>>> print(open('model-v4.txt').read())   # compact mmCIF, C-alpha atoms and all ligand atoms
# COMPACT_ATOMS: atom_id res chain seq x y z
CA MET A 1 97.87 124.20 118.14
CA HIS A 2 100.17 126.89 116.85
CA LEU A 3 101.61 126.50 113.35
CA ALA A 4 104.18 129.28 113.67
CA ARG A 5 106.16 126.89 115.90
CA PHE A 6 107.16 125.04 112.72
CA PRO A 7 109.48 126.29 109.98
CA ARG A 8 107.60 127.36 106.87
CA LEU A 9 108.46 128.99 103.57
CA ARG A 10 105.92 131.04 101.61
CA LEU A 11 105.64 129.21 98.30
CA GLY A 12 101.92 129.57 97.60
CA HIS A 13 99.52 132.35 96.75
CA LEU A 14 97.46 132.14 99.92
CA PRO A 15 94.70 132.40 100.96
CA THR A 16 93.20 130.71 97.92
CA PRO A 17 89.77 131.98 96.78
CA LEU A 18 86.52 130.56 98.19
CA GLU A 19 83.82 131.03 95.54
CA PRO A 20 80.23 129.99 94.77
CA LEU A 21 79.56 127.60 91.86
CA GLU A 22 76.17 128.95 90.85
CA ARG A 23 75.76 127.29 87.47
CA LEU A 24 76.94 123.88 88.72
CA SER A 25 74.62 124.17 91.75
CA ALA A 26 71.69 125.02 89.45
CA ALA A 27 72.53 122.16 87.07
CA LEU A 28 72.45 119.64 89.92
CA GLY A 29 69.45 121.17 91.73
CA GLY A 30 70.71 120.17 95.18
CA PRO A 31 72.83 121.97 97.75
CA GLU A 32 74.64 125.24 97.27
CA ILE A 33 78.12 124.24 96.03
CA TRP A 34 81.18 126.35 96.79
CA ILE A 35 84.77 125.78 95.76
CA LYS A 36 88.03 126.33 97.64
CA ARG A 37 90.51 127.01 94.86
CA ASP A 38 93.67 125.18 95.95
CA ASP A 39 94.25 124.64 92.24
CA CYS A 40 95.24 128.33 92.36
CA THR A 41 98.16 128.10 94.80
CA GLY A 42 100.37 129.51 92.05
CA LEU A 43 103.37 127.18 92.10
CA SER A 44 103.85 125.72 88.60
CA THR A 45 100.10 125.67 87.74
CA GLY A 46 99.14 125.17 91.39
CA GLY A 47 97.64 122.34 93.41
CA ASN A 48 97.48 120.89 96.88
CA LYS A 49 101.15 119.88 97.15
CA THR A 50 102.15 123.55 97.44
CA ARG A 51 100.82 123.81 101.00
CA LYS A 52 102.66 120.66 102.07
CA LEU A 53 105.87 121.85 100.42
CA GLU A 54 105.78 125.10 102.41
CA PHE A 55 106.57 123.04 105.52
CA LEU A 56 108.62 120.27 103.88
CA MET A 57 110.96 122.58 101.97
CA ALA A 58 111.45 124.75 105.06
CA GLU A 59 112.73 121.63 106.82
CA ALA A 60 114.99 120.89 103.82
CA VAL A 61 116.45 124.40 104.03
CA ASP A 62 116.92 124.08 107.82
CA GLN A 63 118.86 120.86 107.25
CA ALA A 64 121.02 122.60 104.61
CA ALA A 65 119.96 120.08 101.96
CA ASP A 66 121.27 120.62 98.43
CA ILE A 67 119.01 118.05 96.77
CA VAL A 68 115.45 116.91 97.40
CA ILE A 69 114.28 113.50 96.26
CA THR A 70 110.77 112.11 96.02
CA HIS A 71 108.60 109.63 94.13
CA GLY A 72 105.20 109.43 92.50
CA ALA A 73 103.25 107.92 89.63
CA THR A 74 104.32 109.00 86.13
CA GLN A 75 101.81 111.89 85.97
CA SER A 76 102.45 112.92 89.58
CA ASN A 77 101.38 116.47 90.43
CA HIS A 78 103.43 116.16 93.60
CA ALA A 79 106.57 115.49 91.54
CA ARG A 80 105.92 118.58 89.38
CA GLN A 81 105.33 120.87 92.35
CA THR A 82 108.36 119.50 94.21
CA ALA A 83 110.51 120.14 91.11
CA ALA A 84 109.21 123.72 90.99
CA ALA A 85 109.79 124.33 94.73
CA ALA A 86 113.33 122.97 94.50
CA ALA A 87 114.03 125.22 91.49
CA ARG A 88 112.74 128.24 93.41
CA LEU A 89 115.09 127.46 96.30
CA GLY A 90 118.11 126.68 94.13
CA MET A 91 118.18 123.01 95.09
CA ASP A 92 118.51 120.02 92.81
CA CYS A 93 115.59 117.63 92.50
CA HIS A 94 115.62 113.94 91.66
CA ILE A 95 112.35 112.11 91.15
CA LEU A 96 111.48 108.42 90.81
CA LEU A 97 108.38 107.91 88.67
CA GLU A 98 106.46 104.64 88.97
CA ASP A 99 104.75 103.41 85.81
CA ARG A 100 101.74 102.49 87.91
CA ILE A 101 99.30 102.07 84.99
CA GLY A 102 101.77 100.38 82.62
CA SER A 103 101.44 102.89 79.79
CA ASN A 104 103.63 103.47 76.75
CA ASP A 105 101.47 106.28 75.37
CA PRO A 106 103.99 109.09 74.77
CA ASP A 107 101.50 111.73 75.98
CA TYR A 108 101.25 109.91 79.29
CA THR A 109 104.94 109.15 79.66
CA ARG A 110 106.33 112.49 78.40
CA ASN A 111 103.71 115.25 78.31
CA GLY A 112 101.74 116.94 81.11
CA ASN A 113 103.45 116.77 84.48
CA VAL A 114 106.49 114.88 83.10
CA LEU A 115 107.19 117.70 80.63
CA LEU A 116 106.97 120.21 83.48
CA ASP A 117 109.25 118.14 85.77
CA HIS A 118 111.92 118.48 83.10
CA VAL A 119 111.21 122.16 82.37
CA HIS A 120 111.89 122.79 86.07
CA GLY A 121 115.21 120.99 85.72
CA ALA A 122 114.41 117.88 87.75
CA VAL A 123 116.11 114.57 86.96
CA THR A 124 113.60 111.74 86.58
CA GLU A 125 114.07 107.99 86.55
CA THR A 126 111.32 105.46 85.97
CA ARG A 127 110.47 102.31 87.88
CA PRO A 128 108.02 99.57 86.84
CA GLY A 129 104.50 99.47 88.29
CA GLY A 130 104.37 97.67 91.62
CA ALA A 131 107.98 98.50 92.55
CA ASP A 132 108.60 99.17 96.26
CA MET A 133 108.93 102.92 95.75
CA ASN A 134 109.80 103.70 99.38
CA ALA A 135 112.69 101.23 99.22
CA GLU A 136 113.76 102.61 95.82
CA LEU A 137 113.74 106.14 97.22
CA ALA A 138 115.73 105.13 100.30
CA ALA A 139 118.32 103.44 98.06
CA LEU A 140 118.58 106.55 95.88
CA GLY A 141 119.04 108.65 99.01
CA GLU A 142 121.88 106.41 100.19
CA ARG A 143 123.57 106.56 96.80
CA LEU A 144 123.41 110.35 96.71
CA SER A 145 124.58 110.69 100.33
CA ALA A 146 127.52 108.40 99.64
CA ALA A 147 128.41 110.72 96.74
CA GLY A 148 128.55 113.62 99.20
CA ARG A 149 125.13 115.19 98.61
CA LYS A 150 122.98 116.62 101.44
CA VAL A 151 119.74 114.82 100.70
CA TYR A 152 116.24 115.72 101.90
CA LEU A 153 113.79 112.89 101.30
CA ILE A 154 110.11 113.64 100.70
CA PRO A 155 107.71 110.67 100.81
CA GLY A 156 105.16 110.08 98.04
CA GLY A 157 102.57 112.86 97.93
CA GLY A 158 104.50 114.77 100.58
CA SER A 159 102.34 112.87 103.05
CA ASN A 160 104.03 112.79 106.42
CA PRO A 161 103.22 114.84 109.55
CA THR A 162 105.36 117.76 108.31
CA GLY A 163 103.58 117.91 104.94
CA ALA A 164 100.16 117.47 106.58
CA LEU A 165 100.75 120.72 108.51
CA GLY A 166 100.01 122.44 105.18
CA TYR A 167 96.45 121.16 105.37
CA VAL A 168 96.08 121.95 109.04
CA ASN A 169 96.84 125.46 107.82
CA CYS A 170 94.23 125.13 105.05
CA ALA A 171 91.52 124.09 107.53
CA ILE A 172 92.23 127.16 109.67
CA GLU A 173 92.37 129.38 106.56
CA LEU A 174 89.07 128.04 105.19
CA ILE A 175 87.11 128.42 108.43
CA THR A 176 88.54 131.90 109.04
CA GLN A 177 87.61 132.90 105.48
CA ALA A 178 84.08 131.49 105.81
CA ASP A 179 83.59 133.23 109.17
CA THR A 180 84.73 136.54 107.66
CA MET A 181 82.25 136.10 104.80
CA GLY A 182 79.47 134.94 107.12
CA LEU A 183 79.33 131.66 105.23
CA ARG A 184 78.14 128.57 107.11
CA ILE A 185 79.79 125.39 105.79
CA ASP A 186 77.84 122.15 106.20
CA HIS A 187 80.22 119.76 104.44
CA LEU A 188 83.71 119.73 103.00
CA VAL A 189 84.54 117.27 100.19
CA HIS A 190 87.81 116.56 98.37
CA ALA A 191 89.84 113.87 96.60
CA THR A 192 92.04 111.77 98.90
CA GLY A 193 95.06 109.74 97.81
CA SER A 194 98.31 109.57 99.80
CA ALA A 195 96.27 110.87 102.80
CA GLY A 196 98.17 114.03 103.76
CA THR A 197 95.45 116.42 102.63
CA GLN A 198 92.66 114.70 104.53
CA ALA A 199 94.84 114.01 107.58
CA GLY A 200 95.83 117.67 107.81
CA LEU A 201 92.29 118.91 107.25
CA VAL A 202 90.72 116.61 109.83
CA THR A 203 93.39 117.54 112.38
CA GLY A 204 92.94 121.26 111.70
CA LEU A 205 89.14 121.11 111.81
CA LYS A 206 89.26 119.15 115.08
CA GLY A 207 91.88 121.48 116.51
CA ILE A 208 89.64 124.53 116.09
CA ASN A 209 86.52 122.50 116.89
CA ALA A 210 84.85 123.59 113.64
CA GLN A 211 82.39 120.67 113.62
CA VAL A 212 82.40 120.59 109.82
CA PRO A 213 82.10 117.01 108.49
CA LEU A 214 84.84 116.11 106.05
CA LEU A 215 84.52 113.53 103.26
CA GLY A 216 87.47 112.23 101.28
CA ILE A 217 86.68 110.67 97.91
CA GLY A 218 89.26 107.93 97.36
CA VAL A 219 91.27 107.54 94.14
CA ARG A 220 93.14 104.30 94.75
CA VAL A 221 92.65 101.88 97.67
CA PRO A 222 89.43 100.54 99.23
CA ARG A 223 87.64 102.52 101.93
CA ALA A 224 88.85 100.68 105.06
CA LYS A 225 92.48 100.95 103.95
CA GLN A 226 92.12 104.63 103.01
CA GLU A 227 90.48 105.54 106.32
CA GLU A 228 93.21 103.65 108.20
CA ASN A 229 95.95 105.49 106.27
CA VAL A 230 94.36 108.88 106.93
CA PHE A 231 93.70 108.17 110.59
CA ARG A 232 97.25 106.99 111.21
CA LEU A 233 98.71 110.12 109.62
CA ALA A 234 96.21 112.40 111.39
CA ALA A 235 97.17 110.86 114.74
CA ALA A 236 100.87 111.48 114.02
CA THR A 237 100.14 115.03 112.85
CA ALA A 238 98.16 115.81 116.03
CA GLU A 239 101.04 114.43 118.07
CA LYS A 240 103.50 116.66 116.22
CA LEU A 241 101.25 119.61 117.07
CA GLY A 242 101.31 118.69 120.75
CA VAL A 243 97.70 117.47 120.93
CA PRO A 244 97.92 113.66 120.90
CA GLY A 245 94.56 111.90 120.71
CA LEU A 246 92.87 114.91 119.08
CA VAL A 247 91.45 112.92 116.16
CA ALA A 248 89.16 109.92 116.65
CA PRO A 249 88.80 107.11 114.09
CA ASP A 250 85.17 108.22 113.49
CA ASP A 251 86.36 111.66 112.36
CA VAL A 252 87.94 110.09 109.29
CA VAL A 253 85.42 109.28 106.55
CA ALA A 254 86.28 108.20 103.03
CA ASN A 255 84.13 107.02 100.14
CA CYS A 256 86.04 104.94 97.60
CA ASP A 257 83.17 104.14 95.22
CA TYR A 258 84.48 106.40 92.42
CA VAL A 259 87.91 104.86 91.76
CA GLY A 260 86.67 102.99 88.67
CA GLU A 261 89.16 100.44 87.34
CA GLY A 262 92.06 101.79 89.34
CA TYR A 263 94.45 104.58 90.16
CA GLY A 264 95.13 106.82 87.18
CA LEU A 265 92.38 105.26 85.07
CA PRO A 266 89.52 107.72 84.57
CA ALA A 267 86.00 106.24 84.76
CA PRO A 268 82.97 107.48 82.76
CA SER A 269 81.89 109.44 85.85
CA THR A 270 85.33 111.10 85.96
CA PHE A 271 84.93 112.39 82.40
CA GLU A 272 81.39 113.56 83.17
CA ALA A 273 82.61 115.51 86.20
CA ILE A 274 85.48 117.07 84.24
CA ARG A 275 83.09 118.20 81.47
CA MET A 276 80.50 119.48 83.96
CA PHE A 277 82.98 121.69 85.83
CA ALA A 278 84.58 122.83 82.57
CA GLN A 279 81.28 123.61 80.85
CA THR A 280 79.23 125.08 83.69
CA GLU A 281 82.00 126.96 85.52
CA GLY A 282 85.05 127.18 83.25
CA ILE A 283 87.08 125.26 85.84
CA LEU A 284 89.56 122.51 84.92
CA LEU A 285 89.65 119.32 87.01
CA ASP A 286 92.02 116.40 86.38
CA PRO A 287 91.55 112.74 85.38
CA VAL A 288 93.32 111.16 88.38
CA TYR A 289 92.20 113.07 91.49
CA SER A 290 89.89 116.08 91.36
CA GLY A 291 87.81 114.55 88.53
CA LYS A 292 87.09 111.51 90.71
CA GLY A 293 86.50 113.67 93.79
CA ALA A 294 84.00 115.77 91.84
CA ALA A 295 82.37 112.61 90.41
CA GLY A 296 81.73 111.53 94.00
CA LEU A 297 80.35 114.94 94.92
CA ILE A 298 78.01 114.95 91.90
CA ASP A 299 76.74 111.41 92.48
CA LEU A 300 76.17 111.94 96.21
CA ILE A 301 74.20 115.11 95.43
CA ARG A 302 72.06 113.14 92.96
CA LYS A 303 71.50 110.49 95.64
CA GLY A 304 70.42 113.14 98.16
CA GLN A 305 73.32 112.72 100.60
CA PHE A 306 73.85 116.49 100.36
CA ALA A 307 70.43 118.14 100.27
CA LYS A 308 68.89 121.42 99.14
CA GLY A 309 69.45 124.14 101.72
CA GLN A 310 72.84 122.75 102.69
CA ARG A 311 76.12 124.27 101.64
CA VAL A 312 78.95 122.02 100.44
CA VAL A 313 82.50 123.19 99.83
CA PHE A 314 84.53 121.23 97.27
CA LEU A 315 88.25 121.61 97.87
CA HIS A 316 89.82 121.72 94.41
CA THR A 317 93.21 120.07 94.86
CA GLY A 318 94.47 120.92 91.34
CA GLY A 319 96.03 118.58 88.81
CA SER A 320 94.95 120.10 85.48
CA ALA A 321 98.48 119.71 84.06
CA GLY A 322 97.74 115.97 84.05
CA LEU A 323 95.01 116.48 81.41
CA PHE A 324 97.72 116.69 78.74
CA GLY A 325 98.83 113.16 79.57
CA TYR A 326 95.36 111.81 78.81
CA LEU A 327 94.63 112.88 75.22
CA ALA A 328 94.01 109.30 74.05
CA ALA A 329 91.58 108.58 76.91
CA PHE A 330 89.58 111.76 76.18
CA GLU A 331 89.43 110.95 72.48
CA ALA A 332 88.32 107.36 73.14
CA GLU A 333 85.65 108.56 75.54
CA HIS A 334 84.48 111.18 73.04
CA ARG A 335 84.13 108.51 70.33
CA ALA A 336 82.20 106.27 72.73
CA GLN A 337 79.84 109.18 73.57
CA ALA A 338 79.25 109.96 69.88
CA ALA A 339 78.54 106.33 68.95
C1 LIG B 401 98.03 114.49 95.46
C2 LIG B 401 96.71 114.98 94.97
C3 LIG B 401 95.52 114.72 95.68
C4 LIG B 401 95.46 113.85 96.89
O1 LIG B 401 96.05 114.45 98.01
P1 LIG B 401 96.73 113.49 99.10
O2 LIG B 401 97.24 114.42 100.10
O3 LIG B 401 97.77 112.71 98.37
O4 LIG B 401 95.66 112.60 99.63
C5 LIG B 401 94.34 115.25 95.21
N1 LIG B 401 94.32 115.99 94.08
C6 LIG B 401 95.43 116.23 93.35
C7 LIG B 401 95.29 117.01 92.10
C8 LIG B 401 96.66 115.74 93.78
O5 LIG B 401 97.74 115.98 93.04
>>> encode(input="model-v4.txt", output="structure tokens", more="lines below")
Ligand SMILES: *Cc1c(COP(=O)(O)O)cnc(C)c1O
Amino acid sequence: MHLARFPRLRLGHLPTPLEPLERLSAALGGPEIWIKRDDCTGLSTGGNKTRKLEFLMAEAVDQAADIVITHGATQSNHARQTAAAAARLGMDCHILLEDRIGSNDPDYTRNGNVLLDHVHGAVTETRPGGADMNAELAALGERLSAAGRKVYLIPGGGSNPTGALGYVNCAIELITQADTMGLRIDHLVHATGSAGTQAGLVTGLKGINAQVPLLGIGVRVPRAKQEENVFRLAAATAEKLGVPGLVAPDDVVANCDYVGEGYGLPAPSTFEAIRMFAQTEGILLDPVYSGKGAAGLIDLIRKGQFAKGQRVVFLHTGGSAGLFGYLAAFEAEHRAQAA
């Protein structure tokens, strides 16, 4: 596979750092934990969507688009990063936000990522939870096209084969970085949602035959569904790269035991993970994705799935801007802890 065959814009600060988490490792007493800082990609407070947007926005520019449209949940990090990328390229951006958790808390509906969407100049419209967001986005695209706009449509999470190329790139970057440092990686763990991150990583790791097991910690749907979504996208990504059949179903492993009550609803283990990273390492996670991914990592270390002597890399996918949408949840959890 050869990524330079695909158009790409440089939107991120890459390579992102790969660093040891010594105090967190000591606190858990298990494997040596390292972190790949994709929260530090630089674009509007960073995060994993930057890598996808490098390939997606290059395609938008190639197609001479003047407006990009996408959708996400209200506190979507993908929406915020897409708004920033569009601003950087002088394109308009129109975003459909699904009220997936049915909230009327003004911090959730207006602060955090939503505030930043608007600071970047994006137009947002809301849709009720459960709306068919792909159909809504297609209808918006048709309306804008009929009005004479050159529309580039980005699916939720930027998760299609073009976006997933960003995480093929990350897999190559990570292994190259580890090889340069002389760092053997035994496991790679991250939060998985719309599947593009895991699909790209698994395709990249397979493509360079790294033999590093990858575990996605789910944030929304049950395990079988998540693995199916990731596998389907990985297969399409490998095909795009000219290596059909590269990824086998067994290469895709998700654990969806840390979702709690649902997407966007932090569980007690999510808060614990956020506090642990913040208070042992000074690193901010988020309540929707990386906090749940880290909760899975922490629990699996406690259960011995990752043992002493092994080295685990946690891919930090970003999302800290979302913390500001969750003031009420943090305060409620704090009161419950104190009681
Ligand atoms: C979107 C997102 C994820 C999940 O990545 P997918 O490619 O959608 O699976 C993880 N963490 C954060 C912070 C995100 O914004």
>>> residues_around(input="model-v4.txt", residues="A:Val189", least_positions_apart="5", cutoff="8 Å", atoms="all atoms listed in the file", output="list in words")
Leu214, Leu215, Gly216, Ile217, Gly293, Leu297, Val312, Val313, Phe314 and Leu315 of chain A
>>> closest_atom_pairs(input="model-v4.txt", of="chain A", to="ligand LIG 401 (chain B)", cutoff="9 Å", atoms="all atoms listed in the file", output="CSV")
residue,atom,partner,partner_atom,distance
A:Asp39,CA,B:LIG401,C7,7.7
A:Gly47,CA,B:LIG401,C7,6.0
A:Asn48,CA,B:LIG401,C8,6.1
A:Lys49,CA,B:LIG401,C1,6.5
A:Lys52,CA,B:LIG401,O2,8.5
A:Ser76,CA,B:LIG401,O5,6.6
A:Asn77,CA,B:LIG401,O5,4.5
A:His78,CA,B:LIG401,O5,5.7
A:Ala79,CA,B:LIG401,O5,9.0
A:Gly156,CA,B:LIG401,O3,7.9
A:Gly157,CA,B:LIG401,O3,4.8
A:Gly158,CA,B:LIG401,O2,7.3
A:Ser159,CA,B:LIG401,O2,6.1
A:Gly163,CA,B:LIG401,O2,8.7
A:Ala164,CA,B:LIG401,O2,7.7
A:Tyr167,CA,B:LIG401,O2,8.6
A:His190,CA,B:LIG401,C5,7.4
A:Ala191,CA,B:LIG401,C5,4.9
A:Thr192,CA,B:LIG401,O4,3.8
A:Gly193,CA,B:LIG401,O4,3.4
A:Ser194,CA,B:LIG401,O3,3.5
A:Ala195,CA,B:LIG401,O4,3.7
A:Gly196,CA,B:LIG401,O2,3.8
A:Thr197,CA,B:LIG401,O2,3.7
A:Gln198,CA,B:LIG401,O4,6.1
A:Ala199,CA,B:LIG401,O2,7.9
A:Gly200,CA,B:LIG401,O2,8.5
A:Gly216,CA,B:LIG401,O4,8.4
A:Gly218,CA,B:LIG401,O4,8.2
A:Val219,CA,B:LIG401,C4,8.1
A:Val230,CA,B:LIG401,O4,8.3
A:Leu285,CA,B:LIG401,C7,7.9
A:Asp286,CA,B:LIG401,C7,6.6
A:Pro287,CA,B:LIG401,C7,8.8
A:Val288,CA,B:LIG401,C7,7.2
A:Tyr289,CA,B:LIG401,N1,4.4
A:Ser290,CA,B:LIG401,N1,5.2
A:Gly291,CA,B:LIG401,C7,8.6
A:Gly293,CA,B:LIG401,C5,8.1
A:His316,CA,B:LIG401,N1,7.3
A:Thr317,CA,B:LIG401,N1,4.3
A:Gly318,CA,B:LIG401,C7,4.1
A:Gly319,CA,B:LIG401,C7,3.7
A:Ser320,CA,B:LIG401,C7,7.3
A:Gly322,CA,B:LIG401,C7,8.5
>>> atom_distance(input="model-v4.txt", atom1="atom CA of A:Ser145", atom2="atom CA of A:Gly129")
26.0 Å
>>> closest_residue(input="model-v4.txt", among="A:Phe6, A:Tyr108, A:Phe55, A:Tyr152", to="A:His94", atoms="only C-alpha atoms")
A:Tyr152
>>> closest_residue(input="model-v4.txt", among="A:Glu272, A:Leu188, A:Lys303, A:Ala26", to="A:Ala254", atoms="all atoms listed in the file")
A:Leu188
>>> closest_residue(input="model-v4.txt", among="A:Phe271, A:Gly325, A:Gly260, A:Lys240", to="A:Asn160", atoms="all atoms listed in the file")
A:Lys240
>>> closest_residue(input="model-v4.txt", among="A:Cys256, A:Ala87, A:Leu205, A:Leu183", to="A:Gln310", atoms="all atoms listed in the file")
A:Leu183
>>> residues_around(input="model-v4.txt", residues="A:Ile101", least_positions_apart="2", cutoff="10 Å", atoms="only C-alpha atoms", output="PyMOL selection string")
chain A and resi 73-74+98-99+103-104+108+128-130+262-265
>>> closest_residue(input="model-v4.txt", among="A:Asp66, A:Thr176, A:Leu165, A:Asp251", to="A:His2", atoms="all atoms listed in the file")
A:Leu165
